[in-house]
There are 4 protein chains.
Amino acid sequence: MPARLIDCLATDDEFSEIFSDDAVLGEMLRFEVALARSQSRLGLIPEAAAEAIARCAEGLDAAPISREARQSATVVIPFVKALTAKVEAADPASAGCVHLGATSQDVIDSALVLCLRRARDHMAAHHVQLSASLRGLAEQHADTVMLTRTLLQPAPPTTFGYKAASWQASVERSWESLTHAFDEAIQLQFGGASGTLASYGIDGLALSETLAKELELPLPAAPWHSHRDRLAALVAACGVFTGTLAKIARDISLLMQPEIGELSEFGGGSSAMPNKRNPAGSTLVLAAAVRVPGLVASFLSGMVQENERAAGGWQAEWPTVSDVVQSTGSALATMRRVAISLNVDTARMRDNIDATGESVFAERAAMLLARSMGRTKAQDKVAEMLKAGALREVTPDIAEPEAYLGSAEQFRRRLLGLM
Amino acid sequence: MPARLIDCLATDDEFSEIFSDDAVLGEMLRFEVALARSQSRLGLIPEAAAEAIARCAEGLDAAPISREARQSATVVIPFVKALTAKVEAADPASAGCVHLGATSQDVIDSALVLCLRRARDHMAAHHVQLSASLRGLAEQHADTVMLTRTLLQPAPPTTFGYKAASWQASVERSWESLTHAFDEAIQLQFGGASGTLASYGIDGLALSETLAKELELPLPAAPWHSHRDRLAALVAACGVFTGTLAKIARDISLLMQPEIGELSEFGGGSSAMPNKRNPAGSTLVLAAAVRVPGLVASFLSGMVQENERAAGGWQAEWPTVSDVVQSTGSALATMRRVAISLNVDTARMRDNIDATGESVFAERAAMLLARSMGRTKAQDKVAEMLKAGALREVTPDIAEPEAYLGSAEQFRRRLLGLM
Amino acid sequence: MPARLIDCLATDDEFSEIFSDDAVLGEMLRFEVALARSQSRLGLIPEAAAEAIARCAEGLDAAPISREARQSATVVIPFVKALTAKVEAADPASAGCVHLGATSQDVIDSALVLCLRRARDHMAAHHVQLSASLRGLAEQHADTVMLTRTLLQPAPPTTFGYKAASWQASVERSWESLTHAFDEAIQLQFGGASGTLASYGIDGLALSETLAKELELPLPAAPWHSHRDRLAALVAACGVFTGTLAKIARDISLLMQPEIGELSEFGGGSSAMPNKRNPAGSTLVLAAAVRVPGLVASFLSGMVQENERAAGGWQAEWPTVSDVVQSTGSALATMRRVAISLNVDTARMRDNIDATGESVFAERAAMLLARSMGRTKAQDKVAEMLKAGALREVTPDIAEPEAYLGSAEQFRRRLLGLM
Amino acid sequence: MPARLIDCLATDDEFSEIFSDDAVLGEMLRFEVALARSQSRLGLIPEAAAEAIARCAEGLDAAPISREARQSATVVIPFVKALTAKVEAADPASAGCVHLGATSQDVIDSALVLCLRRARDHMAAHHVQLSASLRGLAEQHADTVMLTRTLLQPAPPTTFGYKAASWQASVERSWESLTHAFDEAIQLQFGGASGTLASYGIDGLALSETLAKELELPLPAAPWHSHRDRLAALVAACGVFTGTLAKIARDISLLMQPEIGELSEFGGGSSAMPNKRNPAGSTLVLAAAVRVPGLVASFLSGMVQENERAAGGWQAEWPTVSDVVQSTGSALATMRRVAISLNVDTARMRDNIDATGESVFAERAAMLLARSMGRTKAQDKVAEMLKAGALREVTPDIAEPEAYLGSAEQFRRRLLGLM
């Protein structure tokens, strides 16, 4: 099931697949099978029933489940009905053991975290390569001098190595938070109708432990059916991570303007202009950062859930989590491609510095003069000398941008953990 | 193409279909055919070419288009390539006439508004029925006395007819705004590479007029490729409309609590508790109102588009508009079902008033006393008399809730346009 | 009461004042005075009481009211207590007539719309001037040729007049929506404890009419205490308007990059770099557009209000509406200054076209060739000729950008209503 | 400077004060003094200059700074001008040493984190007490049986102790994340005009270390002027924390409905109804959760900052961070009061269970029957027996709710860390 066309700039086949009907149904069935097996292991149902359920746990048709779900505001009722019907047909005696004692939310939430576990692994693979590419740029360009730009205006020079190291470090930080949030959120949900597992009598906790082991999921202290903080933290961490990626994409798209021309990415063509090379990858990442913050807000709004199961807040989660993870994951995959393909035009960087004339030294000149004549007069004086092209008289020691990099190299090394 | 399972509580088959691959590709092809025919009509391309394009305008495979779109950050490049290949195979001489002089955004935006036109028509049909149901309740229950509730606490009585009239009027107001926003937003986008239609020389405006007629779309004063205010207003109006629907859903879900039991909707069962009747319809509408506000924010954030075509803001629009319209449309369809099925327990309404004892008259009593003894003392006195069960001594004239409805009936009639 | 320092880039003194303690208290007092006078006019309270209240309606201290409000989740309880105390001191017999029969929401909502009325008038004044400035640019620069830029890359030429006309028209459209939303939202709220005005017996509607006249506010069909669609539509229209302003600010800030240098606004200095001229005005407008979309989402989320008065959704409105209106209003005032001060460097615009070489004609060349050799080959051919600097051979007729403007002038005139 | 009236339900005096003009100016001045002293320690400016600056670092007037800030889109220019003027007047020779080599963002961001440090400490104090109160409830009510409620409908019983333990654990988790986010975000920002500290030559890093020590702030690996991930993570953690608090507030406000009457908080009166007791505290917390998610989205949107200093995204941060922290902090303080004052009506809890009749055992009965007769038939059978009031025949072992609590006690103990 590929991405829908209408969504194709907000996801890709890889991350769309994780939330495809087959994948989601697969994880729901995996839960039911694991539940049955766990129950059989504890003697709550016959082993034959568990195996009958396991054999029937495939080939469900998503379309009618999706449609009927709107009757009860949960996909689990038609899903359990469909699974039960299959078991009934294959082994009538076992049909009563399907989904025994569980509730909608156990299936839905556990299936969701199983999907999230897959998403995390996919993201991790992209992250490693993105991080390595950025680090490579940071190492390679320690001596590549370029302008900084503040409020879109040229400012004193830096090195591209320092800039890339800043990118890399922010990606590492955001990823560390995100991966921590994944680890916290990926936990079994199993509480039965009201979070007490009461229908299992005294076996609830033992069954929880067995089921968690079966699904290779951590078992939390208690069910989390109406406490969504861990999921919220994950969604929010996706938001921060996407923002971090998009900051880099913003820089690249700006520095790829032909009038600046310092960086370029793989790019993409135009349907109208054959010669044009657009920052296509950066654009997709920027689009993700337009989209995700609102989705984070949607999730946070939904946290205010009523008692033991929400009427609204919970039901809004699936599409939101899925959209956020797809947007973040596909943005990450794209940014990886952008970083690998990034072309650095060091000559153009130098030319752009030269084109600013002496103004690049104005800050330093103003500071030197300020000590003797005060800040205001110094700034006026600098402005005047800039007009006259005579600023180097004040700052002969910094006649070259290489001599005006301050602590850039130290910061670069600190960011890379080299000092 | 039914709704994806993961999204099935945020859309339904009807509204999902409007943004399905087939539907979206269909509208994109409709644009290309209309463009070719318009050009042939003006003598810009041979009629045979237009007809060749028209014959080939079907059966494209969305999956590879969706996939390749991420290379160029636009679906139009692979789409035009695929269509051109079909024309090339059928009539090589006409292949050069595909998409001639148009740009990505012309296709994308025009296809989007064509989808929106369909969405509007579907919504309109549901709206008529929802509005009629609510009006029916408002007319039928002019004399049904019930408690109001403020901050979830019982307050002086009203009539359910007035309450339903308030619902109906808010739905009418929000719908009027939404339908106006649809009408404003549904306009042809046609500007070529940079919004000037330069590649058509002096024929641009004539071609625009012909194309608009062909697609039965209004022609705006100029292309709107980077001015998204009309689309933003539509998305925002969906947000307001969903909020209006969800306010009603909130009321119903609260009044359907068994401890209150004044209203109930069709409801849905529980996967664990056979006897339970959940406010399933209201829950779906509430879920939409959790989800949509953030999506509105996403769209508004994307309005800040760079010059003649954005790098990010525009590319984020398709999935956001589609999600908002699906959420709003499916919420509307569901609320229609809720309203039609709404069961009003007038006896329970009366019982709940009685259960509050005399406290329902406290406001009036306090007001009567305040004139003579001042506000603070009056409030203390009322509290004391309430404890003693002696409040009616102060307010004998309002011994019955029917006598304490103030202007409820007038407001009901004004809302329904009856006075 | 000037803007708080921490908020000063999100508001200005003019719009901050509208929501200052004095202004808000003033409007609340105005409501109470008008209520008392209306009641006296209908014989519900003595005229002397109304006049006593009017005399006492000033000089309340906001700080303790603000503090105590958190006890009851409404400012009205401490406010009425404070006002009553003043009346009690001045004329004990009239104290009981303060706020008689009204509820918190009547004061709060009506005071809010009175503040909004002032905000609208302030905005209208700025809008007129902004619109005139933009129109002036559109009229003056009909022949000023410049590049368009799509995805931040140069694209075929347009005129600055057409660009400015697009700005102006979008501002006009968004303003028209906003002013309509203001007009809808600015209505009296008056419903008493539960929206029925029951404590006034049969006099509720007559009192409403008198009060509305007194406050010069339209009287809606019924109170709107828990139906917030009109206010939501206003907040959303502010969001769209801010987005429209910020799109212009984005363009200006990009075209003010020294490497492009086509536009510049008044700008502002830097605390570190004396020679720098930042797009300060545009930056403030862009900041507003970062901030407002989320606030719109907050408001929309709050629409889902419980029965006759919300527990949460309503109480979240005041700061949100106030923040949105201040951000929008101050952004508008700033954009007015930007537009007035805008400097257009027509020579630089021409230079930038020339710097792109022949590539500006690539779209047209590809289109001309496509008819004969098909789209793909044509695009390859154009790319090849561009490299060789030989593109004009294909497009001799469009050797000058002035000859390649298509319908730009027609669109400009249509946008300005000149054809 | 108390909270503005218009904002008083979204903040309180305690948290408003942290972002008051005096407090913000105070932290900005603290930065300038620390900078001067650090420079003097390294011999970059005379010790006398540092002391002159320290002596002048008070009594600035915020109003004109706030006003002029809109000229340059930064408060630092008028702020430094005002401070310089004071130093000039007191010790002209030292005036040139004010703000030497620093940039706007160094002051703004460092002052912000100094404010955040104070906010964290205030929150921590409230958190300790809230957590203790909730833990107390969890410990005290291990045996208090009550209904659960799912989708606002009664469901099988639990204990209030388990419910309160779930609250407490979620608060602990969210607080741990929040406090971690505070610790990450509270770091010195010091980078000079372009993040290289170039104007200090080779002394930048040493000066950074001295300055960080002076301000008792951690020194990050490098300046973070355009990488806002740590601040974003803090804002997002506030969003999650507020959501966690509001989930508890939602539960309390629902259980405080008189028709349910199981819990009640301190509450507040009504301006119209003397006898009414509203869930005033919960309402304020719910209002915060309506407001904050959108603000989180605003912050995340602003992360996409241009190169070395943003035009828009950065300038939008101050008011957003301040609003989020004030909303979260005041909600926390209020929830602490709610928890301390929470009244638990155990008798009413029991009555409400009894009122549901046997339906409380339906889940268990259905499960028992399902094994023998299959799921669907079992559910039909249960429904039928419920109608006949004969359900206990199937489930004699769970005739009492106390016998139907499953693992509630184990979960309670696990959440409290007791097993």
# chains A, B, ... in the order shown; residues from 1 in each chain; ligands from 1
>>> interface_residues(of="chain C", to="chain A", cutoff="8 Å", atoms="only C-alpha atoms", output="PyMOL selection string")
chain C and resi 151-155+253-254+257-260+272-279+283+294+297+301+359+362-363+366+379-380+382-383+386
>>> residues_around(residues="Thr196 (chain A)", least_positions_apart="5", cutoff="7 Å", atoms="only C-alpha atoms", output="list in words")
Gly191 of chain A; Thr158, Leu405, Gly406, Ser407 and Ala408 of chain D
>>> write_last_selection(atoms="N, CA, C and O atoms", output="mmCIF file, in the first residue's frame")
data_model
loop_
_atom_site.group_PDB
_atom_site.id
_atom_site.type_symbol
_atom_site.label_atom_id
_atom_site.label_comp_id
_atom_site.auth_asym_id
_atom_site.auth_seq_id
_atom_site.Cartn_x
_atom_site.Cartn_y
_atom_site.Cartn_z
ATOM 1 N N GLY A 191 -5.086 -3.528 30.031
ATOM 2 C CA GLY A 191 -5.804 -3.193 31.251
ATOM 3 C C GLY A 191 -7.225 -3.730 31.325
ATOM 4 O O GLY A 191 -7.875 -3.597 32.350
ATOM 5 N N THR D 158 -13.086 0.107 40.249
ATOM 6 C CA THR D 158 -11.667 0.214 40.544
ATOM 7 C C THR D 158 -11.567 0.745 41.969
ATOM 8 O O THR D 158 -12.579 0.791 42.675
ATOM 9 N N LEU D 405 -12.035 -6.452 41.485
ATOM 10 C CA LEU D 405 -11.065 -5.371 41.304
ATOM 11 C C LEU D 405 -9.806 -5.830 40.588
ATOM 12 O O LEU D 405 -8.911 -5.035 40.323
ATOM 13 N N GLY D 406 -9.741 -7.099 40.277
ATOM 14 C CA GLY D 406 -8.605 -7.608 39.500
ATOM 15 C C GLY D 406 -7.282 -7.200 40.112
ATOM 16 O O GLY D 406 -7.049 -7.407 41.306
ATOM 17 N N SER D 407 -6.450 -6.594 39.299
ATOM 18 C CA SER D 407 -5.100 -6.244 39.733
ATOM 19 C C SER D 407 -4.998 -4.802 40.212
ATOM 20 O O SER D 407 -3.890 -4.247 40.283
ATOM 21 N N ALA D 408 -6.123 -4.190 40.510
ATOM 22 C CA ALA D 408 -6.097 -2.765 40.854
ATOM 23 C C ALA D 408 -5.096 -2.481 41.970
ATOM 24 O O ALA D 408 -4.298 -1.544 41.890
#
>>> closest_residue(among="C:Ala165, C:Leu29, C:Leu207, C:Ala185", to="Ala142 (chain C)", atoms="only C-alpha atoms")
C:Ala165
>>> residues_around(residues="His126 (chain C)", least_positions_apart="3", cutoff="8 Å", atoms="only C-alpha atoms", output="number ranges by chain")
C: 122-123, 129-130, 332-333, 336
>>> atom_distance(atom1="CA of Ile340 (chain C)", atom2="CA of Glu184 (chain B)")
29.7 Å
>>> residues_around(residues="His225 (chain A)", least_positions_apart="3", cutoff="9 Å", atoms="only C-alpha atoms", output="number ranges by chain")
A: 105-106, 109, 189-191, 194-195, 228, 308-310, 314
>>> select_by_dssp(residues="region 32-236 of chain B", states="helix (DSSP H, G or I)", output="NGL selection string")
:B and (32-41 or 47-56 or 62-72 or 76-90 or 92-97 or 104-140 or 160-185 or 192-194 or 198-215 or 229-236)
>>> residues_around(residues="Glu139 (chain D)", least_positions_apart="6", cutoff="9 Å", atoms="only C-alpha atoms", output="list in words")
Gly161, Tyr162, Ala164, Ala165, Arg412, Arg413 and Leu416 of chain D
>>> residues_around(residues="region 5-12 of chain D", least_positions_apart="6", cutoff="8 Å", atoms="only C-alpha atoms", output="ChimeraX atom specification")
/C:19-21,24,62-63,65-67,69-70,73-74,315-316,318-319,322 /D:284,287-288,326-327,329-331
>>> write_last_selection(atoms="N, CA, C and O atoms", output="mmCIF file, in the first residue's frame")
data_model
loop_
_atom_site.group_PDB
_atom_site.id
_atom_site.type_symbol
_atom_site.label_atom_id
_atom_site.label_comp_id
_atom_site.auth_asym_id
_atom_site.auth_seq_id
_atom_site.Cartn_x
_atom_site.Cartn_y
_atom_site.Cartn_z
ATOM 1 N N PHE C 19 -6.275 46.540 25.557
ATOM 2 C CA PHE C 19 -6.522 45.467 26.512
ATOM 3 C C PHE C 19 -5.860 45.736 27.863
ATOM 4 O O PHE C 19 -5.659 44.817 28.653
ATOM 5 N N SER C 20 -5.505 46.974 28.105
ATOM 6 C CA SER C 20 -4.910 47.352 29.393
ATOM 7 C C SER C 20 -5.934 47.195 30.504
ATOM 8 O O SER C 20 -7.149 47.148 30.264
ATOM 9 N N ASP C 21 -5.462 47.136 31.719
ATOM 10 C CA ASP C 21 -6.374 47.034 32.863
ATOM 11 C C ASP C 21 -7.398 48.165 32.860
ATOM 12 O O ASP C 21 -8.598 47.939 33.073
ATOM 13 N N VAL C 24 -9.953 47.568 30.026
ATOM 14 C CA VAL C 24 -10.837 46.428 30.263
ATOM 15 C C VAL C 24 -11.802 46.731 31.408
ATOM 16 O O VAL C 24 -13.018 46.531 31.299
ATOM 17 N N ALA C 62 -7.283 47.210 39.684
ATOM 18 C CA ALA C 62 -7.311 45.928 38.967
ATOM 19 C C ALA C 62 -6.554 44.828 39.700
ATOM 20 O O ALA C 62 -6.931 43.649 39.620
ATOM 21 N N ALA C 63 -5.487 45.185 40.409
ATOM 22 C CA ALA C 63 -4.601 44.148 40.960
ATOM 23 C C ALA C 63 -5.332 43.153 41.866
ATOM 24 O O ALA C 63 -5.216 41.945 41.668
ATOM 25 N N ILE C 65 -8.467 42.476 42.020
ATOM 26 C CA ILE C 65 -9.478 41.753 41.237
ATOM 27 C C ILE C 65 -8.818 40.619 40.467
ATOM 28 O O ILE C 65 -9.271 39.468 40.474
ATOM 29 N N SER C 66 -7.736 40.976 39.811
ATOM 30 C CA SER C 66 -6.978 39.985 39.048
ATOM 31 C C SER C 66 -6.550 38.824 39.939
ATOM 32 O O SER C 66 -6.617 37.656 39.550
ATOM 33 N N ARG C 67 -6.133 39.135 41.136
ATOM 34 C CA ARG C 67 -5.647 38.103 42.050
ATOM 35 C C ARG C 67 -6.781 37.210 42.545
ATOM 36 O O ARG C 67 -6.695 35.989 42.509
ATOM 37 N N ALA C 69 -9.582 36.705 41.256
ATOM 38 C CA ALA C 69 -10.312 36.018 40.190
ATOM 39 C C ALA C 69 -9.985 34.534 40.147
ATOM 40 O O ALA C 69 -10.813 33.713 39.749
ATOM 41 N N ARG C 70 -8.780 34.211 40.551
ATOM 42 C CA ARG C 70 -8.382 32.794 40.480
ATOM 43 C C ARG C 70 -9.115 31.932 41.509
ATOM 44 O O ARG C 70 -9.126 30.704 41.401
ATOM 45 N N ALA C 73 -12.437 31.440 39.373
ATOM 46 C CA ALA C 73 -12.262 31.292 37.926
ATOM 47 C C ALA C 73 -13.077 32.319 37.144
ATOM 48 O O ALA C 73 -13.448 32.079 35.992
ATOM 49 N N THR C 74 -13.335 33.451 37.764
ATOM 50 C CA THR C 74 -13.958 34.556 37.026
ATOM 51 C C THR C 74 -13.575 35.875 37.674
ATOM 52 O O THR C 74 -13.567 35.987 38.900
ATOM 53 N N GLN C 315 -12.908 30.122 29.718
ATOM 54 C CA GLN C 315 -11.941 30.834 30.555
ATOM 55 C C GLN C 315 -10.593 31.021 29.850
ATOM 56 O O GLN C 315 -9.786 31.856 30.265
ATOM 57 N N ALA C 316 -10.356 30.237 28.797
ATOM 58 C CA ALA C 316 -9.105 30.379 28.045
ATOM 59 C C ALA C 316 -9.183 31.472 26.983
ATOM 60 O O ALA C 316 -8.172 31.802 26.363
ATOM 61 N N TRP C 318 -10.103 34.971 26.882
ATOM 62 C CA TRP C 318 -9.629 36.358 27.011
ATOM 63 C C TRP C 318 -8.168 36.527 26.591
ATOM 64 O O TRP C 318 -7.873 37.349 25.727
ATOM 65 N N PRO C 319 -7.255 35.792 27.224
ATOM 66 C CA PRO C 319 -5.854 36.035 26.839
ATOM 67 C C PRO C 319 -5.576 35.670 25.384
ATOM 68 O O PRO C 319 -4.754 36.328 24.735
ATOM 69 N N SER C 322 -7.040 38.428 23.092
ATOM 70 C CA SER C 322 -6.226 39.631 23.281
ATOM 71 C C SER C 322 -4.866 39.487 22.615
ATOM 72 O O SER C 322 -4.382 40.401 21.936
ATOM 73 N N LEU D 284 -9.547 26.323 35.840
ATOM 74 C CA LEU D 284 -8.349 27.073 35.450
ATOM 75 C C LEU D 284 -7.307 26.154 34.814
ATOM 76 O O LEU D 284 -6.625 26.531 33.861
ATOM 77 N N ALA D 287 -8.451 25.330 31.398
ATOM 78 C CA ALA D 287 -8.231 26.475 30.510
ATOM 79 C C ALA D 287 -6.780 26.525 30.042
ATOM 80 O O ALA D 287 -6.498 26.829 28.880
ATOM 81 N N ALA D 288 -5.862 26.215 30.950
ATOM 82 C CA ALA D 288 -4.443 26.199 30.556
ATOM 83 C C ALA D 288 -4.207 25.175 29.452
ATOM 84 O O ALA D 288 -3.445 25.427 28.506
ATOM 85 N N GLN D 326 4.047 30.712 32.140
ATOM 86 C CA GLN D 326 3.062 31.256 33.073
ATOM 87 C C GLN D 326 1.812 30.376 33.147
ATOM 88 O O GLN D 326 1.277 30.131 34.231
ATOM 89 N N SER D 327 1.357 29.905 31.999
ATOM 90 C CA SER D 327 0.173 29.043 32.015
ATOM 91 C C SER D 327 0.457 27.750 32.757
ATOM 92 O O SER D 327 -0.359 27.286 33.568
ATOM 93 N N GLY D 329 2.921 27.085 34.938
ATOM 94 C CA GLY D 329 3.231 27.319 36.348
ATOM 95 C C GLY D 329 1.988 27.617 37.163
ATOM 96 O O GLY D 329 1.789 27.068 38.257
ATOM 97 N N SER D 330 1.130 28.480 36.631
ATOM 98 C CA SER D 330 -0.063 28.825 37.401
ATOM 99 C C SER D 330 -1.036 27.638 37.449
ATOM 100 O O SER D 330 -1.730 27.447 38.456
ATOM 101 N N ALA D 331 -1.067 26.834 36.410
ATOM 102 C CA ALA D 331 -1.914 25.634 36.449
ATOM 103 C C ALA D 331 -1.406 24.662 37.505
ATOM 104 O O ALA D 331 -2.189 24.055 38.245
#
>>> select_by_dssp(residues="region 248-336 of chain C", states="strand (DSSP E or B)", output="list of chain:residue names")
C:Leu263, C:Ser264, C:Gly268, C:Asn278, C:Arg309
>>> write_last_selection(atoms="all heavy atoms", output="CSV table (one decimal), in the first residue's frame")
chain,number,residue,atom,x,y,z
C,263,LEU,N,14.6,45.4,-3.0
C,263,LEU,CA,13.7,46.2,-2.2
C,263,LEU,C,14.4,46.5,-0.9
C,263,LEU,O,15.3,45.7,-0.5
C,263,LEU,CB,12.4,45.5,-1.9
C,263,LEU,CG,11.5,45.1,-3.0
C,263,LEU,CD1,10.3,44.3,-2.5
C,263,LEU,CD2,11.0,46.4,-3.7
C,264,SER,N,14.0,47.6,-0.2
C,264,SER,CA,14.5,47.7,1.2
C,264,SER,C,13.4,48.5,1.9
C,264,SER,O,12.8,49.4,1.4
C,264,SER,CB,15.9,48.3,1.3
C,264,SER,OG,15.9,49.6,0.7
C,268,GLY,N,16.3,48.4,10.6
C,268,GLY,CA,16.8,48.8,11.9
C,268,GLY,C,18.2,48.3,12.0
C,268,GLY,O,18.6,47.5,11.2
C,278,ASN,N,18.8,45.9,9.0
C,278,ASN,CA,18.0,44.7,9.0
C,278,ASN,C,16.6,45.0,8.6
C,278,ASN,O,16.1,46.1,8.7
C,278,ASN,CB,18.0,44.2,10.5
C,278,ASN,CG,19.3,43.6,10.9
C,278,ASN,OD1,19.9,42.9,10.1
C,278,ASN,ND2,19.6,43.8,12.2
C,309,ARG,N,-22.3,26.9,30.1
C,309,ARG,CA,-21.1,27.6,30.3
C,309,ARG,C,-19.9,26.6,30.6
C,309,ARG,O,-20.1,25.7,31.3
C,309,ARG,CB,-21.2,28.5,31.6
C,309,ARG,CG,-19.9,29.5,31.7
C,309,ARG,CD,-20.3,30.7,32.5
C,309,ARG,NE,-21.4,31.3,31.9
C,309,ARG,CZ,-22.6,31.6,32.6
C,309,ARG,NH1,-22.6,31.4,33.9
C,309,ARG,NH2,-23.6,32.1,32.0
>>> atom_distance(atom1="CA of Gly261 (chain B)", atom2="CA of Thr148 (chain B)")
13.9 Å
>>> closest_residue(among="A:Glu27, A:Asp354, A:Ser131, A:Phe15", to="Glu176 (chain A)", atoms="only C-alpha atoms")
A:Ser131
>>> closest_residue(among="A:Leu114, A:Ile186, A:Val296, A:Ile252", to="Val235 (chain D)", atoms="only C-alpha atoms")
A:Val296
>>> atom_distance(atom1="CA of Arg337 (chain D)", atom2="CA of Gly312 (chain A)")
28.0 Å
